[in-house]
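Have a look at work03.txt; it's compact mmCIF, C-alpha atoms:
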# COMPACT_ATOMS: atom_id res chain seq x y z
CA MET A 1 -198.08 -51.60 53.96
CA ALA A 2 -195.15 -51.08 56.28
CA SER A 3 -192.52 -53.77 56.52
CA ILE A 4 -192.93 -56.50 59.12
CA LYS A 5 -189.40 -55.51 60.21
CA ASP A 6 -191.00 -52.42 61.75
CA THR A 7 -191.87 -53.42 65.32
CA ALA A 8 -195.24 -51.63 65.40
CA THR A 9 -196.29 -53.41 62.20
CA PHE A 10 -194.98 -56.72 63.53
CA PHE A 11 -197.07 -56.33 66.68
CA ALA A 12 -200.22 -55.35 64.78
CA GLU A 13 -199.97 -57.74 61.83
CA GLY A 14 -197.42 -60.46 62.61
CA THR A 15 -198.57 -64.06 62.29
CA ALA A 16 -198.09 -66.83 64.82
CA GLY A 17 -195.28 -68.26 62.69
CA GLN A 18 -193.53 -64.91 62.55
CA PHE A 19 -193.85 -64.44 66.31
CA GLU A 20 -192.43 -67.94 66.90
CA HIS A 21 -189.46 -67.14 64.69
CA VAL A 22 -188.75 -63.84 66.44
CA LEU A 23 -189.11 -65.34 69.91
CA LYS A 24 -186.37 -67.84 69.06
CA LEU A 25 -184.06 -64.86 68.51
CA TYR A 26 -184.47 -63.83 72.16
CA PRO A 27 -181.04 -65.12 73.32
CA GLN A 28 -179.33 -63.18 70.54
CA ALA A 29 -181.27 -59.99 71.31
CA LEU A 30 -180.47 -60.39 75.00
CA ARG A 31 -176.76 -60.74 74.17
CA LEU A 32 -176.91 -57.57 72.09
CA LYS A 33 -178.58 -55.74 74.96
CA ALA A 34 -176.13 -57.11 77.51
CA ASP A 35 -173.08 -56.17 75.44
CA ARG A 36 -174.37 -52.63 75.07
CA LYS A 37 -175.77 -52.24 78.57
CA THR A 38 -173.05 -53.43 80.91
CA LYS A 39 -169.32 -54.10 81.11
CA LYS A 40 -170.15 -57.54 82.48
CA PRO A 41 -172.70 -58.95 80.01
CA GLU A 42 -172.61 -62.45 81.48
CA GLU A 43 -174.25 -61.09 84.63
CA LEU A 44 -177.38 -60.07 82.74
CA ILE A 45 -177.48 -63.30 80.74
CA LYS A 46 -177.20 -65.50 83.84
CA LEU A 47 -179.66 -63.42 85.82
CA ASP A 48 -182.15 -63.41 82.93
CA ASN A 49 -181.96 -67.21 82.80
CA TRP A 50 -182.81 -67.29 86.51
CA TYR A 51 -185.73 -64.89 86.11
CA GLN A 52 -187.21 -66.45 82.96
CA ASN A 53 -186.69 -70.13 83.76
CA GLU A 54 -185.99 -70.84 87.42
CA LEU A 55 -188.08 -68.32 89.36
CA PRO A 56 -191.45 -69.23 87.75
CA LYS A 57 -190.88 -72.89 88.62
CA LYS A 58 -190.09 -72.05 92.25
CA ILE A 59 -193.23 -69.94 92.59
CA LYS A 60 -195.44 -72.57 90.95
CA ALA A 61 -194.03 -75.32 93.18
CA ARG A 62 -195.41 -73.49 96.23
CA GLY A 63 -198.94 -74.23 95.08
CA LYS A 64 -201.82 -72.37 96.75
CA ASP A 65 -199.36 -70.55 99.00
CA ALA A 66 -197.37 -69.15 96.08
CA HIS A 67 -195.14 -66.29 97.17
CA LEU A 68 -191.67 -64.78 96.85
CA ASN A 69 -189.02 -64.79 99.52
CA HIS A 70 -186.79 -61.82 100.29
CA GLU A 71 -183.83 -63.06 98.26
CA GLU A 72 -186.03 -63.61 95.20
CA LEU A 73 -187.45 -60.10 95.45
CA VAL A 74 -183.95 -58.61 95.62
CA GLN A 75 -182.81 -60.83 92.75
CA THR A 76 -185.73 -59.75 90.55
CA MET A 77 -184.90 -56.09 91.14
CA LYS A 78 -181.29 -56.79 90.12
CA TRP A 79 -182.52 -58.38 86.89
CA LYS A 80 -184.79 -55.43 86.17
CA GLN A 81 -182.14 -52.80 86.86
CA ILE A 82 -179.33 -54.50 84.95
CA ARG A 83 -181.69 -54.98 81.99
CA GLY A 84 -182.80 -51.34 82.22
CA LYS A 85 -181.91 -48.40 84.46
CA PHE A 86 -179.83 -48.79 87.58
CA TYR A 87 -180.88 -46.87 90.69
CA PRO A 88 -178.85 -47.74 93.79
CA GLN A 89 -181.45 -46.07 96.03
CA VAL A 90 -184.11 -48.53 94.95
CA SER A 91 -181.74 -51.47 95.28
CA TYR A 92 -181.22 -50.52 98.90
CA LEU A 93 -184.90 -49.84 99.51
CA ILE A 94 -185.90 -53.29 98.26
CA LYS A 95 -183.54 -54.84 100.80
CA VAL A 96 -185.16 -52.86 103.64
CA ASN A 97 -188.32 -54.98 103.29
CA THR A 98 -188.45 -57.67 105.96
CA PRO A 99 -188.64 -61.35 104.88
CA ARG A 100 -191.99 -61.61 106.63
CA ALA A 101 -193.43 -58.62 104.75
CA VAL A 102 -192.18 -59.94 101.41
CA MET A 103 -193.79 -63.32 101.95
CA ALA A 104 -197.08 -61.86 103.23
CA GLU A 105 -197.55 -59.19 100.56
CA THR A 106 -196.52 -61.35 97.59
CA LYS A 107 -198.78 -64.16 98.83
CA LYS A 108 -201.65 -61.70 99.12
CA ALA A 109 -200.94 -60.31 95.64
CA PHE A 110 -200.74 -63.70 93.94
CA LYS A 111 -204.06 -64.71 95.49
CA LYS A 112 -205.64 -61.67 93.78
CA LEU A 113 -204.77 -63.03 90.34
CA PRO A 114 -206.03 -62.85 87.67
CA ASN A 115 -207.11 -59.39 88.88
CA LEU A 116 -203.94 -57.51 87.96
CA GLU A 117 -205.04 -54.18 89.40
CA GLN A 118 -205.64 -55.62 92.86
CA ALA A 119 -202.43 -57.62 92.70
CA ILE A 120 -200.40 -54.49 91.88
CA THR A 121 -202.04 -52.61 94.74
CA ALA A 122 -200.98 -55.36 97.16
CA LEU A 123 -197.40 -55.44 95.86
CA SER A 124 -197.12 -51.66 96.19
CA ASN A 125 -197.16 -52.12 99.97
CA LEU A 126 -193.56 -53.28 99.66
CA LYS A 127 -190.87 -50.58 99.73
CA GLY A 128 -189.33 -49.86 96.34
CA VAL A 129 -192.05 -51.66 94.35
CA GLY A 130 -193.85 -49.58 91.74
CA THR A 131 -196.02 -50.57 88.79
CA THR A 132 -193.24 -51.85 86.55
CA MET A 133 -191.50 -53.84 89.27
CA ALA A 134 -194.88 -55.27 90.22
CA SER A 135 -195.44 -56.31 86.61
CA ALA A 136 -192.10 -58.17 86.66
CA LEU A 137 -193.16 -60.10 89.76
CA LEU A 138 -196.58 -60.91 88.27
CA ALA A 139 -195.08 -62.03 84.94
CA ALA A 140 -192.91 -64.52 86.84
CA ALA A 141 -195.80 -65.76 88.97
CA SER A 142 -198.50 -65.80 86.28
CA PRO A 143 -197.16 -65.51 82.71
CA GLU A 144 -200.55 -66.59 81.38
CA ASN A 145 -202.03 -63.35 82.76
CA ALA A 146 -199.29 -60.75 83.12
CA PRO A 147 -196.69 -59.38 80.71
CA PHE A 148 -193.70 -57.39 81.95
CA MET A 149 -194.12 -53.65 81.32
CA ALA A 150 -190.90 -53.06 79.34
CA ASP A 151 -190.25 -49.69 77.72
CA GLU A 152 -189.37 -51.41 74.46
CA CYS A 153 -192.81 -53.01 74.34
CA LEU A 154 -194.67 -49.84 75.28
CA MET A 155 -192.86 -47.93 72.54
CA ALA A 156 -193.81 -50.51 69.93
CA ILE A 157 -197.58 -50.21 70.43
CA PRO A 158 -198.95 -47.39 68.25
CA GLU A 159 -202.03 -46.79 70.42
CA ILE A 160 -199.90 -45.98 73.48
CA GLU A 161 -198.90 -42.35 73.04
CA GLY A 162 -196.63 -41.83 76.06
CA ILE A 163 -194.99 -43.64 78.93
CA ASP A 164 -196.52 -42.80 82.30
CA TYR A 165 -195.75 -45.96 84.32
CA THR A 166 -199.13 -45.95 86.05
CA THR A 167 -201.42 -48.85 86.85
CA LYS A 168 -203.91 -47.45 84.35
CA GLU A 169 -201.32 -47.49 81.59
CA TYR A 170 -200.23 -51.00 82.52
CA LEU A 171 -203.80 -52.28 82.26
CA ASN A 172 -204.09 -50.57 78.87
CA PHE A 173 -200.83 -52.24 77.82
CA VAL A 174 -202.14 -55.63 78.99
CA GLN A 175 -205.29 -55.21 76.89
CA HIS A 176 -203.26 -54.58 73.73
CA ILE A 177 -201.07 -57.60 74.49
CA GLN A 178 -204.13 -59.76 75.16
CA ASN A 179 -205.67 -58.79 71.81
CA THR A 180 -202.53 -60.05 70.07
CA VAL A 181 -202.56 -63.22 72.19
CA GLU A 182 -206.06 -64.00 70.98
CA ARG A 183 -205.13 -63.33 67.36
CA LEU A 184 -202.07 -65.57 67.49
CA ASN A 185 -203.82 -68.43 69.27
CA LYS A 186 -206.43 -68.52 66.52
CA GLN A 187 -203.61 -69.06 64.02
CA THR A 188 -201.56 -71.56 66.02
CA SER A 189 -201.56 -75.12 64.76
CA ASN A 190 -198.46 -76.58 66.45
CA GLY A 191 -199.98 -76.87 69.92
CA LYS A 192 -198.01 -74.01 71.45
CA ILE A 193 -200.21 -71.62 73.38
CA TRP A 194 -199.42 -67.92 73.30
CA SER A 195 -199.52 -66.11 76.63
CA PRO A 196 -199.12 -62.40 77.41
CA HIS A 197 -195.56 -63.00 78.63
CA ARG A 198 -194.53 -64.88 75.48
CA VAL A 199 -195.98 -62.10 73.30
CA GLU A 200 -194.17 -59.48 75.40
CA LEU A 201 -190.85 -61.35 75.01
CA ALA A 202 -191.28 -61.62 71.25
CA LEU A 203 -192.14 -57.92 71.03
CA TRP A 204 -189.11 -57.00 73.15
CA THR A 205 -186.88 -59.19 70.98
CA HIS A 206 -188.11 -57.59 67.76
CA TYR A 207 -187.62 -54.07 69.11
CA VAL A 208 -184.09 -54.69 70.39
CA ALA A 209 -183.06 -56.53 67.22
CA SER A 210 -184.48 -53.80 64.96
CA GLU A 211 -182.53 -51.16 66.90
CA LEU A 212 -179.22 -52.93 67.40
CA LYS A 213 -178.93 -55.49 64.59
CA PRO A 214 -181.76 -55.30 62.01
CA GLU A 215 -180.27 -58.06 59.87
CA LEU A 216 -181.34 -60.56 62.54
CA LEU A 217 -184.89 -60.01 61.30
CA ASP A 218 -184.10 -60.80 57.66
CA GLY A 219 -185.21 -64.41 58.01
CA ILE A 220 -188.72 -63.76 59.33
CA PRO A 221 -191.05 -66.15 57.44
CA GLY A 222 -193.28 -64.47 54.91
CA THR A 223 -190.94 -61.53 54.31
CA THR A 224 -189.31 -61.27 50.92
CA GLU A 225 -186.08 -59.90 49.59
CA ASN A 226 -185.35 -59.89 45.86
CA GLY A 227 -188.55 -61.86 45.39
CA ASN A 228 -187.45 -64.83 47.50
CA SER A 229 -189.13 -65.94 50.69
CA HIS A 230 -186.92 -66.54 53.69
CA PRO A 231 -187.32 -69.84 55.53
CA THR A 232 -187.18 -70.00 59.32
CA ASN A 233 -183.66 -70.17 60.70
CA GLY A 234 -182.36 -73.03 62.80
CA GLU A 235 -183.67 -73.74 66.28
CA THR A 236 -182.51 -71.57 69.15
CA THR A 237 -183.52 -71.46 72.78
CA GLU A 238 -186.19 -69.24 74.23
CA PRO A 239 -187.33 -68.49 77.76
CA SER A 240 -189.65 -71.07 79.25
CA ASP A 241 -193.32 -70.37 79.90
CA ASP A 242 -195.44 -72.65 82.06
CA SER A 243 -198.53 -71.47 80.18
CA ASN A 244 -197.11 -73.07 77.01
CA GLN A 245 -198.83 -76.42 77.40
CA GLU A 246 -196.85 -78.26 74.77
CA ALA A 247 -193.43 -76.90 75.58
CA SER A 248 -190.64 -79.30 76.42
CA SER A 249 -190.12 -80.07 80.09
CA GLU A 250 -186.38 -79.67 79.64
CA GLU A 251 -185.07 -76.48 81.22
CA VAL A 252 -184.02 -73.88 78.69
CA THR A 253 -180.71 -72.18 79.46
CA PRO A 254 -179.57 -69.20 77.38
CA PRO A 255 -175.95 -69.15 76.19
CA GLY A 256 -173.45 -68.48 78.95
CA ALA A 257 -175.68 -69.51 81.85
CA THR A 258 -174.67 -72.10 84.43
CA GLU A 259 -176.86 -74.70 86.08
CA ALA A 260 -176.27 -73.27 89.55
CA GLU A 261 -178.46 -70.48 90.80
CA VAL A 262 -176.74 -67.22 90.06
CA VAL A 263 -176.60 -64.29 92.43
CA VAL A 264 -175.10 -61.12 91.03
CA VAL A 265 -174.78 -57.53 92.16
CA ALA A 266 -176.31 -54.96 89.82
CA ASN A 267 -173.52 -53.52 87.69
CA GLY A 268 -171.04 -55.06 90.12
CA LYS A 269 -171.68 -52.37 92.77
CA GLU A 270 -173.86 -51.65 95.74
CA ALA A 271 -174.48 -48.05 96.67
CA ALA A 272 -173.41 -46.69 100.06
CA ILE A 273 -176.58 -45.09 101.38
CA ASP A 274 -177.09 -43.98 104.95
CA PRO A 275 -179.82 -46.24 106.44
CA ALA A 276 -180.64 -43.45 108.90
CA ALA A 277 -181.94 -41.41 105.98
CA LEU A 278 -184.77 -43.91 105.51
CA ASP A 279 -187.57 -44.54 107.95
CA ASP A 280 -188.31 -48.27 107.92
CA ASN A 281 -191.73 -47.64 109.44
CA SER A 282 -192.72 -44.98 106.98
CA THR A 283 -195.38 -45.76 104.37
CA ALA A 284 -194.18 -42.92 102.16
CA SER A 285 -191.00 -44.61 100.93
CA PHE A 286 -190.02 -43.80 97.38
CA THR A 287 -189.86 -46.21 94.48
CA GLU A 288 -188.28 -45.90 91.07
CA ASP A 289 -191.46 -44.01 90.21
CA SER A 290 -190.40 -40.89 92.12
CA LEU A 291 -186.97 -40.75 90.53
CA ASP A 292 -188.17 -39.52 87.15
CA LYS A 293 -191.23 -37.38 87.80
CA PRO A 294 -193.98 -36.57 90.31
CA ALA A 295 -196.37 -39.38 91.01
CA THR A 296 -199.69 -39.41 89.17
CA PRO A 297 -202.41 -40.17 91.73
CA ILE A 298 -204.52 -43.28 91.18
CA THR A 299 -207.71 -43.99 93.07
CA GLY A 300 -207.44 -45.76 96.38
CA ALA A 301 -204.10 -47.12 97.57
CA ALA A 302 -202.74 -47.60 94.07
CA PRO A 303 -198.98 -47.59 93.57
CA SER A 304 -197.06 -44.68 92.21
CA GLU A 305 -195.55 -44.48 88.77
CA ASP A 306 -192.60 -46.66 87.95
CA THR A 307 -189.44 -45.89 86.08
CA ASN A 308 -188.91 -48.60 83.54
CA ASP A 309 -186.19 -50.01 81.37
CA SER A 310 -184.01 -47.68 79.39
CA LEU A 311 -184.14 -48.04 75.67
CA ALA A 312 -181.15 -49.39 73.82
CA THR A 313 -181.14 -47.61 70.49
CA ASN A 314 -179.03 -47.27 67.43
CA GLU A 315 -177.17 -43.98 67.56
CA SER A 316 -178.05 -43.24 63.98
CA THR A 317 -181.78 -43.69 64.56
CA ASN A 318 -183.84 -40.74 65.72
CA THR A 319 -187.35 -42.07 65.23
CA ARG A 320 -187.88 -43.05 68.85
CA PRO A 321 -187.14 -41.03 71.98
CA THR A 322 -184.81 -42.73 74.41
CA ASP A 323 -183.83 -42.52 78.04
CA SER A 324 -180.19 -42.11 78.96
CA GLU A 325 -178.79 -45.37 80.28
CA ASP A 326 -177.45 -45.57 83.83
CA THR A 327 -174.24 -47.60 83.92
CA GLU A 328 -171.47 -48.39 86.34
CA ASP A 329 -169.79 -45.14 85.46
CA SER A 330 -172.83 -42.87 85.94
CA GLN A 331 -174.96 -43.48 89.01
CA ASP A 332 -176.48 -40.12 89.79
CA THR A 333 -177.58 -40.65 93.34
CA THR A 334 -178.24 -37.12 94.56
CA ARG A 335 -181.75 -35.77 94.87
CA GLU A 336 -180.77 -32.73 92.79
CA ALA A 337 -179.81 -35.01 89.91
CA ARG A 338 -183.04 -36.94 90.19
CA ASP A 339 -185.13 -33.80 90.29
CA ALA A 340 -183.41 -32.54 87.17
CA ARG A 341 -184.52 -35.51 85.13
CA GLU A 342 -187.24 -34.96 82.58
CA PRO A 343 -190.12 -37.43 82.29
CA PRO A 344 -189.99 -39.84 79.35
CA ALA A 345 -190.78 -38.05 76.12
CA LYS A 346 -193.80 -38.84 74.05
CA LYS A 347 -193.01 -41.33 71.37
CA SER A 348 -193.47 -40.86 67.66
CA LYS A 349 -195.32 -43.43 65.63
CA LYS A 350 -193.71 -45.21 62.76

Any chance you could give the structure as structure tokens?
Amino acid sequence: MASIKDTATFFAEGTAGQFEHVLKLYPQALRLKADRKTKKPEELIKLDNWYQNELPKKIKARGKDAHLNHEELVQTMKWKQIRGKFYPQVSYLIKVNTPRAVMAETKKAFKKLPNLEQAITALSNLKGVGTTMASALLAAASPENAPFMADECLMAIPEIEGIDYTTKEYLNFVQHIQNTVERLNKQTSNGKIWSPHRVELALWTHYVASELKPELLDGIPGTTENGNSHPTNGETTEPSDDSNQEASSEEVTPPGATEAEVVVVANGKEAAIDPAALDDNSTASFTEDSLDKPATPITGAAPSEDTNDSLATNESTNTRPTDSEDTEDSQDTTREARDAREPPAKKSKK
């Protein structure tokens, strides 16, 4: 049997106790990702705290009229792009949406829940919102139903052969996550309820740790080294989840975050794009989907494909294909550069 330190094996066979242990490593995995991803790691850490802990509370407090405002939509895109790939075109396009449209379309989408397909279709009416961005909005609004479609998670599921960023693939991803949710909840005895978003965060944490600092996973309960079992390490913070019925009401703040709401600019820059080049009234605006490869049609008014997070990998590891990371120093904004990009490669199973 493969080691539980292999992310695919962890996802398929990990116990509730092992998932709990890994999820507590989330702040450390996020720090590793931030240090590798950006020259200003505190920006990602603070913005992640806002997305994981503050935004869900704001949405829930709006009750039956749950929605996002314009600033929250822009802020979520900043979180997504700093955590993954940075596309200045999409950052601008998100801002083109009017406050009224943002409120109306997000309200419509959240009312469609738990039907994720219909909710994504509604969110795709907003400029710059593709399947993956939609999944980020739904995970914040309804973590008990929707996981975020992170590349790291997609790559860790053996049954998912490639990354297409379509609604169909997202629904397939959700089904795999939901199967694990059901397995873990049957094993849970401490009152904590596993949700799709909590499982996704644990899976993301395991993948990032295994790539950037495998020794973080040495203490997973039930694993052995030299014949000795490793106990669970000391308590650390993890992102909050309103679907966790027994979780503490105290707000969880990852290391380095402040109590004030944080507003940051992705990678410290905003791209200078000519607004005249975009038609605000056009329904054919591009999303991150169109930046990597031609859109795969989905029935009806389904959204186009979505470019997702880039994969942070160990340079010495060649078992998983990776996307090149977009940083402050490389923001290829020309259409020729975008057209030259290849679609994400098929992954290899471990």

Nearest residue to A:Ala66 out of A:Lys107, A:His206, A:Lys112, A:His197, using all atoms listed in the file?
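Closest to A:Ala66 of all the choices is A:Lys107.
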
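Considering the residues A:Ala150, A:Ala134, A:Ile193, A:Ile177 and counting all atoms listed in the file, A:Thr205 has its shortest atom-to-atom contact with A:Ala150.
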
Restricting to only C-alpha atoms, whichever of A:Leu116, A:Ile4, A:Leu47, A:Ala34 is closest to A:Val208 is A:Ala34

Taking all atoms listed in the file into account, name the residue in A:Gly130, A:Trp50, A:Asp65, A:Ala140 that is nearest to A:Asp164.
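Checking each of A:Gly130, A:Trp50, A:Asp65, A:Ala140 against A:Asp164, counting all atoms listed in the file, the winner is A:Gly130.
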
Can you measure atom CA of A:Gly84 to atom CA of A:Lys40 for me? One decimal in Å is fine.
14.1 Å

Neighbouring residues of A:Thr167 were defined as those with any atom within 7 Å, considering only C-alpha atoms; residues of the same chain fewer than 3 positions away were excluded. Please report them as number ranges by chain.
A: 117, 131, 170-171

Of the listed residues A:Gln89, A:Thr132, A:Ser210, A:Thr7, that which approaches A:Ile163 most closely, counting only C-alpha atoms:
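Result for the nearest residue to A:Ile163: A:Thr132.
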
At what distance in Å, to one decimal, does atom CA of A:Ala136 lie from atom CA of A:Arg36?
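Atom CA of A:Ala136 lies at a distance of 21.9 Å from atom CA of A:Arg36.
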
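Here atom CA of A:Glu43 stands at a distance of 16.3 Å from atom CA of A:Leu55.
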